[in-house]
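J.: Got a structure for you, structure-v1.cif, holding mmCIF, C-alpha atoms.
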```cif
data_protein
#
loop_
_atom_site.group_PDB
_atom_site.id
_atom_site.type_symbol
_atom_site.label_atom_id
_atom_site.label_comp_id
_atom_site.auth_asym_id
_atom_site.auth_seq_id
_atom_site.Cartn_x
_atom_site.Cartn_y
_atom_site.Cartn_z
ATOM 1 C CA MET A 249 117.908 4.249 9.644
ATOM 2 C CA ARG A 250 116.940 1.211 11.705
ATOM 3 C CA GLU A 251 114.516 3.273 13.795
ATOM 4 C CA LEU A 252 112.700 4.317 10.617
ATOM 5 C CA HIS A 253 112.132 0.667 9.736
ATOM 6 C CA TYR A 254 110.718 -0.002 13.198
ATOM 7 C CA ALA A 255 108.554 3.105 12.990
ATOM 8 C CA TRP A 256 107.146 2.002 9.600
ATOM 9 C CA PHE A 257 106.433 -1.523 10.868
ATOM 10 C CA PHE A 258 104.673 -0.432 14.064
ATOM 11 C CA GLU A 259 102.828 2.358 12.249
ATOM 12 C CA THR A 260 101.501 -0.300 9.880
ATOM 13 C CA LEU A 261 100.149 -2.271 12.840
ATOM 14 C CA ALA A 262 98.789 0.815 14.641
ATOM 15 C CA ASN A 263 96.183 1.545 11.964
ATOM 16 C CA PRO A 264 92.767 0.286 13.183
ATOM 17 C CA LEU A 265 91.572 -0.889 9.751
ATOM 18 C CA ARG A 266 94.773 -2.781 9.033
ATOM 19 C CA MET A 267 94.681 -4.428 12.462
ATOM 20 C CA GLN A 268 91.011 -5.365 11.975
ATOM 21 C CA ILE A 269 91.891 -6.959 8.644
ATOM 22 C CA LEU A 270 94.833 -8.875 10.112
ATOM 23 C CA LEU A 271 92.782 -10.270 12.969
ATOM 24 C CA TYR A 272 89.926 -11.199 10.604
ATOM 25 C CA LEU A 273 92.361 -13.004 8.312
ATOM 26 C CA LEU A 274 93.686 -15.057 11.224
ATOM 27 C CA GLU A 275 90.464 -17.093 10.986
ATOM 28 C CA LYS A 276 90.944 -18.079 7.328
ATOM 29 C CA PRO A 277 91.911 -16.623 3.941
ATOM 30 C CA ARG A 278 89.395 -14.077 2.615
ATOM 31 C CA SER A 279 88.610 -12.173 -0.556
ATOM 32 C CA VAL A 280 88.580 -8.390 -0.741
ATOM 33 C CA ASN A 281 84.774 -8.503 -0.945
ATOM 34 C CA GLU A 282 84.553 -10.518 2.279
ATOM 35 C CA ILE A 283 86.867 -8.060 4.027
ATOM 36 C CA VAL A 284 84.828 -5.119 2.726
ATOM 37 C CA ALA A 285 81.625 -6.716 4.045
ATOM 38 C CA LYS A 286 83.181 -7.365 7.463
ATOM 39 C CA THR A 287 84.784 -3.938 7.910
ATOM 40 C CA GLY A 288 82.126 -1.799 6.252
ATOM 41 C CA GLU A 289 84.913 0.139 4.541
ATOM 42 C CA GLU A 290 85.024 1.082 0.883
ATOM 43 C CA GLN A 291 86.756 -1.395 -1.392
ATOM 44 C CA SER A 292 89.471 1.141 -2.274
ATOM 45 C CA ASN A 293 90.344 1.634 1.424
ATOM 46 C CA VAL A 294 90.525 -2.119 2.012
ATOM 47 C CA SER A 295 92.681 -2.654 -1.076
ATOM 48 C CA HIS A 296 95.017 0.139 0.016
ATOM 49 C CA ALA A 297 95.292 -1.341 3.523
ATOM 50 C CA LEU A 298 96.026 -4.782 2.057
ATOM 51 C CA SER A 299 98.768 -3.384 -0.169
ATOM 52 C CA ILE A 300 100.470 -1.796 2.851
ATOM 53 C CA LEU A 301 100.170 -5.046 4.816
ATOM 54 C CA ARG A 302 101.712 -6.901 1.889
ATOM 55 C CA LEU A 303 104.657 -4.465 1.825
ATOM 56 C CA CYS A 304 105.494 -5.544 5.387
ATOM 57 C CA ASN A 305 104.879 -9.197 4.487
ATOM 58 C CA LEU A 306 102.122 -9.396 7.099
ATOM 59 C CA VAL A 307 99.589 -10.509 4.483
ATOM 60 C CA LEU A 308 100.098 -12.902 1.600
ATOM 61 C CA LEU A 309 98.083 -13.184 -1.606
ATOM 62 C CA LYS A 310 96.839 -16.654 -2.495
ATOM 63 C CA VAL A 311 95.414 -17.176 -5.990
ATOM 64 C CA GLU A 312 92.925 -20.031 -6.458
ATOM 65 C CA GLY A 313 91.749 -20.008 -10.035
ATOM 66 C CA ARG A 314 89.953 -16.691 -10.448
ATOM 67 C CA ARG A 315 89.734 -16.026 -6.715
ATOM 68 C CA HIS A 316 92.287 -13.837 -5.021
ATOM 69 C CA LEU A 317 92.427 -14.618 -1.325
ATOM 70 C CA TYR A 318 94.396 -12.781 1.307
ATOM 71 C CA GLN A 319 95.789 -14.543 4.346
ATOM 72 C CA THR A 320 98.001 -13.577 7.221
ATOM 73 C CA ASN A 321 101.623 -14.560 7.106
ATOM 74 C CA GLU A 322 101.214 -17.257 9.753
ATOM 75 C CA THR A 323 104.904 -17.590 10.568
ATOM 76 C CA LEU A 324 105.106 -13.873 11.341
ATOM 77 C CA PHE A 325 101.756 -12.594 12.563
ATOM 78 C CA ARG A 326 100.371 -15.367 14.785
ATOM 79 C CA PRO A 327 103.514 -15.473 17.000
ATOM 80 C CA LEU A 328 103.441 -11.673 17.142
ATOM 81 C CA VAL A 329 99.817 -11.684 18.325
ATOM 82 C CA LYS A 330 100.647 -14.317 20.944
ATOM 83 C CA LEU A 331 103.582 -12.255 22.205
ATOM 84 C CA VAL A 332 101.466 -9.096 22.407
ATOM 85 C CA ASP A 333 98.641 -10.938 24.205
ATOM 86 C CA GLU A 334 101.078 -12.301 26.777
ATOM 87 C CA HIS A 335 102.751 -8.937 27.233
ATOM 88 C CA VAL A 336 99.535 -6.958 27.582
ATOM 89 C CA CYS A 337 98.056 -9.320 30.168
ATOM 90 C CA SER A 338 101.195 -9.452 32.301
ATOM 91 C CA ASN A 339 102.650 -5.951 31.845
ATOM 92 C CA CYS A 340 100.057 -3.402 30.774
ATOM 93 C CA GLU A 341 98.457 -2.609 34.084
ATOM 94 C CA GLY A 342 94.718 -3.058 34.046
ATOM 95 C CA MET A 343 94.308 -3.913 30.348
ATOM 96 C CA CYS A 344 93.039 -7.466 30.817
ATOM 97 C CA ALA A 345 90.923 -6.464 33.806
ATOM 98 C CA GLN A 346 89.444 -3.634 31.754
ATOM 99 C CA GLU A 347 88.483 -6.051 28.963
ATOM 100 C CA LYS A 348 86.841 -8.399 31.486
ATOM 101 C CA ARG A 349 84.838 -5.475 32.912
ATOM 102 C CA LYS A 350 83.681 -4.487 29.411
ATOM 103 C CA LYS A 351 82.466 -8.043 28.735
ATOM 104 C CA LYS A 352 80.567 -8.147 32.035
ATOM 105 C CA LEU A 353 78.872 -4.836 31.239
ATOM 106 C CA LYS A 354 77.792 -6.098 27.821
ATOM 107 C CA HIS A 355 76.258 -9.230 29.363
ATOM 108 C CA LYS A 356 74.270 -7.153 31.891
ATOM 109 C CA GLN A 357 72.676 -4.998 29.169
#
```
Do you think you could lay out the structure here as structure tokens?
T.:
Amino acid sequence: MRELHYAWFFETLANPLRMQILLYLLEKPRSVNEIVAKTGEEQSNVSHALSILRLCNLVLLKVEGRRHLYQTNETLFRPLVKLVDEHVCSNCEGMCAQEKRKKKLKHKQ
């Protein structure tokens, strides 16, 4: 049963829209409308992604008056991102070098 929990958690993170939302929310809390504008996705898709992220406690809902703001669970997600960044750069052969090459190509264009 434990492997199913891990599979669910990592599957949640593997979805490109959900990861885009998480990384966007690292900057500051945002409303659904702000997330929709950033991602270009339909509001229903964003809301669905947010509900899945909330199930894993990766995103928290913050209510300020009439505004509903979503934010990352800082104690969980930021350390996870740091760990992944460190792992990728030191263990995933060529990943960081590949990103540097992509940036150089963009600057040349």
J.: Enumerate, as a list in words, the residues matched when the PyMOL selection byres ((chain A and resi 300) around 12) is run on the file above.
T.: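 Applying the PyMOL selection byres ((chain A and resi 300) around 12) to the structure shown produces Trp256, Phe257, Glu259, Thr260, Leu261, Asn263, Leu265, Arg266, Met267, Ile269, Leu270, Asn293, Val294, Ser295, His296, Ala297, Leu298, Ser299, Leu301, Arg302, Leu303, Cys304, Asn305, Leu306, Val307 and Leu308 of chain A.
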J.: Quick check, in Å to one decimal: how far apart do atom CA of Leu274 of chain A and atom CA of Lys330 of chain A lie?
T.: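 Atom CA of Lys330 of chain A lies at a distance of 12.0 Å from atom CA of Leu274 of chain A.
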J.: My list of candidates is A:Gln268, A:Ser279, A:Leu328, A:Leu252. Which is closest to Arg314 of chain A when distances are computed with only C-alpha atoms?
T.: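 Residue with the minimum atom-to-atom distance to Arg314 of chain A: A:Ser279.
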J.: Between atom CA of Leu271 of chain A and atom CA of Arg326 of chain A, measure the distance and give it in Å to one decimal.
T.: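 Computing it gives 9.3 Å between the two atoms.
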J.: Enter the distance from atom CA of Gln319 of chain A to atom CA of Leu273 of chain A, in Å, rounded to one decimal.
T.: 5.5 Å
J.: For the provided coordinates, the residues matched by the PyMOL selection byres ((chain A and resi 282) around 12) should be stated as a list in words.
T.: Ile269, Tyr272, Leu273, Lys276, Pro277, Arg278, Ser279, Val280, Asn281, Ile283, Val284, Ala285, Lys286, Thr287, Gly288, Glu289, Glu290, Gln291, Val294, Ser295, Arg315, His316, Leu317 and Tyr318 of chain A
